[in-house]
>>> print(open('final-v8.pdb').read())   # PDB, C-alpha atoms, pLDDT in the B column
ATOM      1  CA  MET A   1     127.012  88.533  90.730  1.00 92.00           C
ATOM      2  CA  THR A   2     127.804  91.202  88.201  1.00 95.00           C
ATOM      3  CA  LYS A   3     129.775  94.339  89.026  1.00 96.00           C
ATOM      4  CA  ALA A   4     129.832  97.677  87.260  1.00 97.00           C
ATOM      5  CA  SER A   5     130.625 101.310  87.869  1.00 96.00           C
ATOM      6  CA  LEU A   6     127.832 103.731  88.606  1.00 95.00           C
ATOM      7  CA  PHE A   7     128.064 105.086  85.053  1.00 95.00           C
ATOM      8  CA  GLU A   8     127.891 101.609  83.496  1.00 97.00           C
ATOM      9  CA  THR A   9     125.004 100.675  85.758  1.00 97.00           C
ATOM     10  CA  ARG A  10     123.049 103.757  84.717  1.00 96.00           C
ATOM     11  CA  SER A  11     123.799 103.128  81.061  1.00 97.00           C
ATOM     12  CA  ASN A  12     122.651  99.499  81.208  1.00 96.00           C
ATOM     13  CA  PHE A  13     120.007  99.760  83.917  1.00 97.00           C
ATOM     14  CA  SER A  14     117.216  97.973  82.010  1.00 96.00           C
ATOM     15  CA  GLN A  15     119.460  95.032  81.181  1.00 97.00           C
ATOM     16  CA  ILE A  16     120.699  94.824  84.771  1.00 97.00           C
ATOM     17  CA  ILE A  17     117.140  94.876  86.127  1.00 96.00           C
ATOM     18  CA  ASN A  18     116.204  92.048  83.745  1.00 95.00           C
ATOM     19  CA  LYS A  19     119.089  89.960  85.104  1.00 94.00           C
ATOM     20  CA  VAL A  20     118.125  90.806  88.697  1.00 92.00           C
ATOM     21  CA  MET A  21     114.545  89.722  87.989  1.00 89.00           C
ATOM     22  CA  HIS A  22     115.970  86.321  87.048  1.00 89.00           C
ATOM     23  CA  GLY A  23     117.805  85.956  90.355  1.00 87.00           C
ATOM     24  CA  GLU A  24     121.175  87.546  89.672  1.00 93.00           C
ATOM     25  CA  GLU A  25     122.679  90.161  92.003  1.00 94.00           C
ATOM     26  CA  HIS A  26     124.439  93.327  90.829  1.00 97.00           C
ATOM     27  CA  LEU A  27     127.068  95.321  92.692  1.00 97.00           C
ATOM     28  CA  VAL A  28     127.413  99.042  91.957  1.00 97.00           C
ATOM     29  CA  LEU A  29     130.928 100.467  92.278  1.00 97.00           C
ATOM     30  CA  ARG A  30     132.086 104.038  92.681  1.00 95.00           C
ATOM     31  CA  LYS A  31     135.820 104.512  92.203  1.00 95.00           C
ATOM     32  CA  ASN A  32     136.117 100.711  92.477  1.00 95.00           C
ATOM     33  CA  ILE A  33     134.476 100.728  95.938  1.00 96.00           C
ATOM     34  CA  PRO A  34     131.153  98.874  96.392  1.00 96.00           C
ATOM     35  CA  VAL A  35     128.397 101.372  97.232  1.00 97.00           C
ATOM     36  CA  ALA A  36     125.170  99.486  96.504  1.00 96.00           C
ATOM     37  CA  ARG A  37     123.828  96.057  95.756  1.00 96.00           C
ATOM     38  CA  ILE A  38     120.763  95.381  93.625  1.00 95.00           C
ATOM     39  CA  VAL A  39     119.101  92.095  94.590  1.00 91.00           C
ATOM     40  CA  PRO A  40     115.803  90.428  93.739  1.00 87.00           C
ATOM     41  CA  VAL A  41     113.114  91.407  96.236  1.00 83.00           C
ATOM     42  CA  LEU A  42     112.154  87.855  97.170  1.00 77.00           C
ATOM     43  CA  GLU A  43     115.761  86.810  97.747  1.00 65.00           C
ATOM     44  CA  SER A  44     116.310  89.831  99.959  1.00 65.00           C
ATOM     45  CA  VAL A  45     113.256  88.971 102.061  1.00 72.00           C
ATOM     46  CA  LYS A  46     114.317  85.323 102.328  1.00 72.00           C
ATOM     47  CA  LEU A  47     117.808  86.301 103.454  1.00 72.00           C
ATOM     48  CA  LYS A  48     116.480  88.703 106.075  1.00 81.00           C
ATOM     49  CA  SER A  49     114.030  86.102 107.368  1.00 83.00           C
ATOM     50  CA  LYS A  50     116.725  83.449 107.519  1.00 83.00           C
ATOM     51  CA  GLU A  51     119.082  85.831 109.329  1.00 85.00           C
ATOM     52  CA  LEU A  52     116.395  86.740 111.878  1.00 88.00           C
ATOM     53  CA  ILE A  53     115.593  83.091 112.542  1.00 90.00           C
ATOM     54  CA  GLU A  54     119.290  82.348 113.092  1.00 91.00           C
ATOM     55  CA  ARG A  55     119.570  85.273 115.529  1.00 90.00           C
ATOM     56  CA  ILE A  56     116.500  84.128 117.475  1.00 91.00           C
ATOM     57  CA  GLN A  57     117.887  80.601 117.693  1.00 93.00           C
ATOM     58  CA  ALA A  58     121.237  81.941 118.922  1.00 93.00           C
ATOM     59  CA  VAL A  59     119.540  83.975 121.658  1.00 92.00           C
ATOM     60  CA  ARG A  60     117.381  81.012 122.677  1.00 89.00           C
ATOM     61  CA  SER A  61     120.443  78.808 123.036  1.00 90.00           C
ATOM     62  CA  ARG A  62     122.078  81.333 125.407  1.00 90.00           C
ATOM     63  CA  VAL A  63     119.036  82.009 127.599  1.00 87.00           C
ATOM     64  CA  LYS A  64     117.973  79.687 130.400  1.00 86.00           C
ATOM     65  CA  LYS A  65     114.581  78.014 130.066  1.00 87.00           C
ATOM     66  CA  VAL A  66     111.779  79.544 132.138  1.00 87.00           C
ATOM     67  CA  SER A  67     108.828  77.680 133.642  1.00 90.00           C
ATOM     68  CA  ILE A  68     105.205  78.788 133.548  1.00 92.00           C
ATOM     69  CA  LYS A  69     105.371  79.327 137.311  1.00 92.00           C
ATOM     70  CA  GLU A  70     108.308  81.738 136.905  1.00 90.00           C
ATOM     71  CA  LEU A  71     106.503  83.621 134.135  1.00 88.00           C
ATOM     72  CA  ASN A  72     103.415  84.036 136.313  1.00 90.00           C
ATOM     73  CA  GLU A  73     105.587  85.336 139.166  1.00 89.00           C
ATOM     74  CA  TRP A  74     107.213  87.851 136.826  1.00 88.00           C
ATOM     75  CA  LYS A  75     103.751  89.007 135.721  1.00 88.00           C
ATOM     76  CA  LYS A  76     102.741  89.580 139.346  1.00 87.00           C
ATOM     77  CA  VAL A  77     105.874  91.609 140.027  1.00 86.00           C
ATOM     78  CA  GLY A  78     105.248  93.724 136.945  1.00 81.00           C
ATOM     79  CA  ARG A  79     101.715  94.564 138.117  1.00 61.00           C
ATOM     80  CA  LEU A  80     102.791  96.049 141.480  1.00 43.00           C
TER      81      LEU A  80
END
>>> encode(input="final-v8.pdb", output="structure tokens")
Amino acid sequence: MTKASLFETRSNFSQIINKVMHGEEHLVLRKNIPVARIVPVLESVKLKSKELIERIQAVRSRVKKVSIKELNEWKKVGRL
């Protein structure tokens, strides 16, 4: 991951985008504080998908299993 100030990022934007297109991430700093991250689109989508899958699996592990009979009962209650 490369890091640069906002000014440096603006000055070298084309070069930074070329690096990002090849898989590298870039962190934009303002007064030495990270304010933005430039990442390849596909990597960003993969990370979000992976994070969502992990969250779903975590919820599934905490929730008790439900039978088809219970689901049908819940449907009946919801229709009243």
>>> closest_residue(input="final-v8.pdb", among="A:Asn12, A:Lys75, A:Lys64, A:Thr2", to="Val39 of chain A", atoms="only C-alpha atoms")
A:Thr2
>>> closest_residue(input="final-v8.pdb", among="A:Lys19, A:Arg37, A:Lys50, A:Lys76", to="Lys3 of chain A", atoms="all atoms listed in the file")
A:Arg37
>>> atom_distance(input="final-v8.pdb", atom1="atom CA of Glu25 of chain A", atom2="atom CA of Pro40 of chain A")
7.1 Å
>>> resolve_selection(input="final-v8.pdb", expression="the PyMOL selection byres ((chain A and resi 17) around 12)", output="PyMOL selection string")
chain A and resi 2+9-16+18-27+37-41
>>> write_last_selection(input="final-v8.pdb", atoms="C-alpha atoms", output="CSV table (one decimal), keeping the file's coordinate frame")
chain,number,residue,atom,x,y,z
A,2,THR,CA,127.8,91.2,88.2
A,9,THR,CA,125.0,100.7,85.8
A,10,ARG,CA,123.0,103.8,84.7
A,11,SER,CA,123.8,103.1,81.1
A,12,ASN,CA,122.7,99.5,81.2
A,13,PHE,CA,120.0,99.8,83.9
A,14,SER,CA,117.2,98.0,82.0
A,15,GLN,CA,119.5,95.0,81.2
A,16,ILE,CA,120.7,94.8,84.8
A,18,ASN,CA,116.2,92.0,83.7
A,19,LYS,CA,119.1,90.0,85.1
A,20,VAL,CA,118.1,90.8,88.7
A,21,MET,CA,114.5,89.7,88.0
A,22,HIS,CA,116.0,86.3,87.0
A,23,GLY,CA,117.8,86.0,90.4
A,24,GLU,CA,121.2,87.5,89.7
A,25,GLU,CA,122.7,90.2,92.0
A,26,HIS,CA,124.4,93.3,90.8
A,27,LEU,CA,127.1,95.3,92.7
A,37,ARG,CA,123.8,96.1,95.8
A,38,ILE,CA,120.8,95.4,93.6
A,39,VAL,CA,119.1,92.1,94.6
A,40,PRO,CA,115.8,90.4,93.7
A,41,VAL,CA,113.1,91.4,96.2
>>> atom_distance(input="final-v8.pdb", atom1="atom CA of Val35 of chain A", atom2="atom CA of Glu8 of chain A")
13.7 Å
>>> axis_aligned_box(input="final-v8.pdb", around="segment 51-64 of chain A", padding_each_side="4 Å", output="AutoDock Vina command-line options")
--center_x 118.8 --center_y 82.8 --center_z 119.9 --size_x 14.5 --size_y 15.9 --size_z 29.1
>>> atom_distance(input="final-v8.pdb", atom1="atom CA of Ile53 of chain A", atom2="atom CA of Ser67 of chain A")
22.8 Å
>>> decode(input="final-v8.pdb", residues="segment 31-79 of chain A", atoms="C-alpha atoms", output="short mmCIF file (atom, residue, chain, number, x, y, z; two decimals), in the first residue's frame")
data_model
loop_
_atom_site.label_atom_id
_atom_site.label_comp_id
_atom_site.auth_asym_id
_atom_site.auth_seq_id
_atom_site.Cartn_x
_atom_site.Cartn_y
_atom_site.Cartn_z
CA LYS A 31 -2.23 16.47 7.67
CA ASN A 32 -0.84 12.94 8.13
CA ILE A 33 -4.33 11.56 8.90
CA PRO A 34 -5.81 8.92 6.54
CA VAL A 35 -8.89 10.34 4.81
CA ALA A 36 -9.43 8.03 1.82
CA ARG A 37 -8.32 4.76 0.35
CA ILE A 38 -8.17 4.02 -3.37
CA VAL A 39 -8.58 0.30 -4.06
CA PRO A 40 -9.14 -1.78 -7.19
CA VAL A 41 -12.85 -2.23 -7.85
CA LEU A 42 -12.74 -6.03 -8.00
CA GLU A 43 -10.79 -6.31 -4.75
CA SER A 44 -13.27 -4.02 -3.04
CA VAL A 45 -16.20 -6.15 -4.20
CA LYS A 46 -14.44 -9.36 -3.13
CA LEU A 47 -13.72 -7.95 0.32
CA LYS A 48 -17.30 -6.81 0.79
CA SER A 49 -18.64 -10.17 -0.35
CA LYS A 50 -16.27 -12.04 1.94
CA GLU A 51 -17.22 -9.80 4.87
CA LEU A 52 -20.94 -10.34 4.24
CA ILE A 53 -20.51 -14.10 4.05
CA GLU A 54 -18.60 -14.07 7.35
CA ARG A 55 -21.35 -12.00 8.99
CA ILE A 56 -24.07 -14.36 7.72
CA GLN A 57 -22.14 -17.36 9.02
CA ALA A 58 -21.71 -15.69 12.42
CA VAL A 59 -25.45 -15.00 12.67
CA ARG A 60 -26.29 -18.55 11.60
CA SER A 61 -24.04 -19.97 14.30
CA ARG A 62 -25.85 -17.94 16.99
CA VAL A 63 -29.42 -18.67 15.86
CA LYS A 64 -31.22 -21.89 16.73
CA LYS A 65 -32.21 -24.15 13.85
CA VAL A 66 -35.88 -24.00 12.83
CA SER A 67 -37.93 -26.86 11.40
CA ILE A 68 -40.27 -26.67 8.43
CA LYS A 69 -43.18 -27.22 10.81
CA GLU A 70 -42.17 -24.17 12.88
CA LEU A 71 -41.80 -22.05 9.74
CA ASN A 72 -45.29 -23.03 8.57
CA GLU A 73 -46.70 -22.14 12.00
CA TRP A 74 -45.00 -18.74 11.86
CA LYS A 75 -46.52 -18.17 8.41
CA LYS A 76 -50.00 -18.94 9.77
CA VAL A 77 -49.54 -16.51 12.65
CA GLY A 78 -48.38 -13.80 10.27
CA ARG A 79 -51.52 -14.20 8.13
#
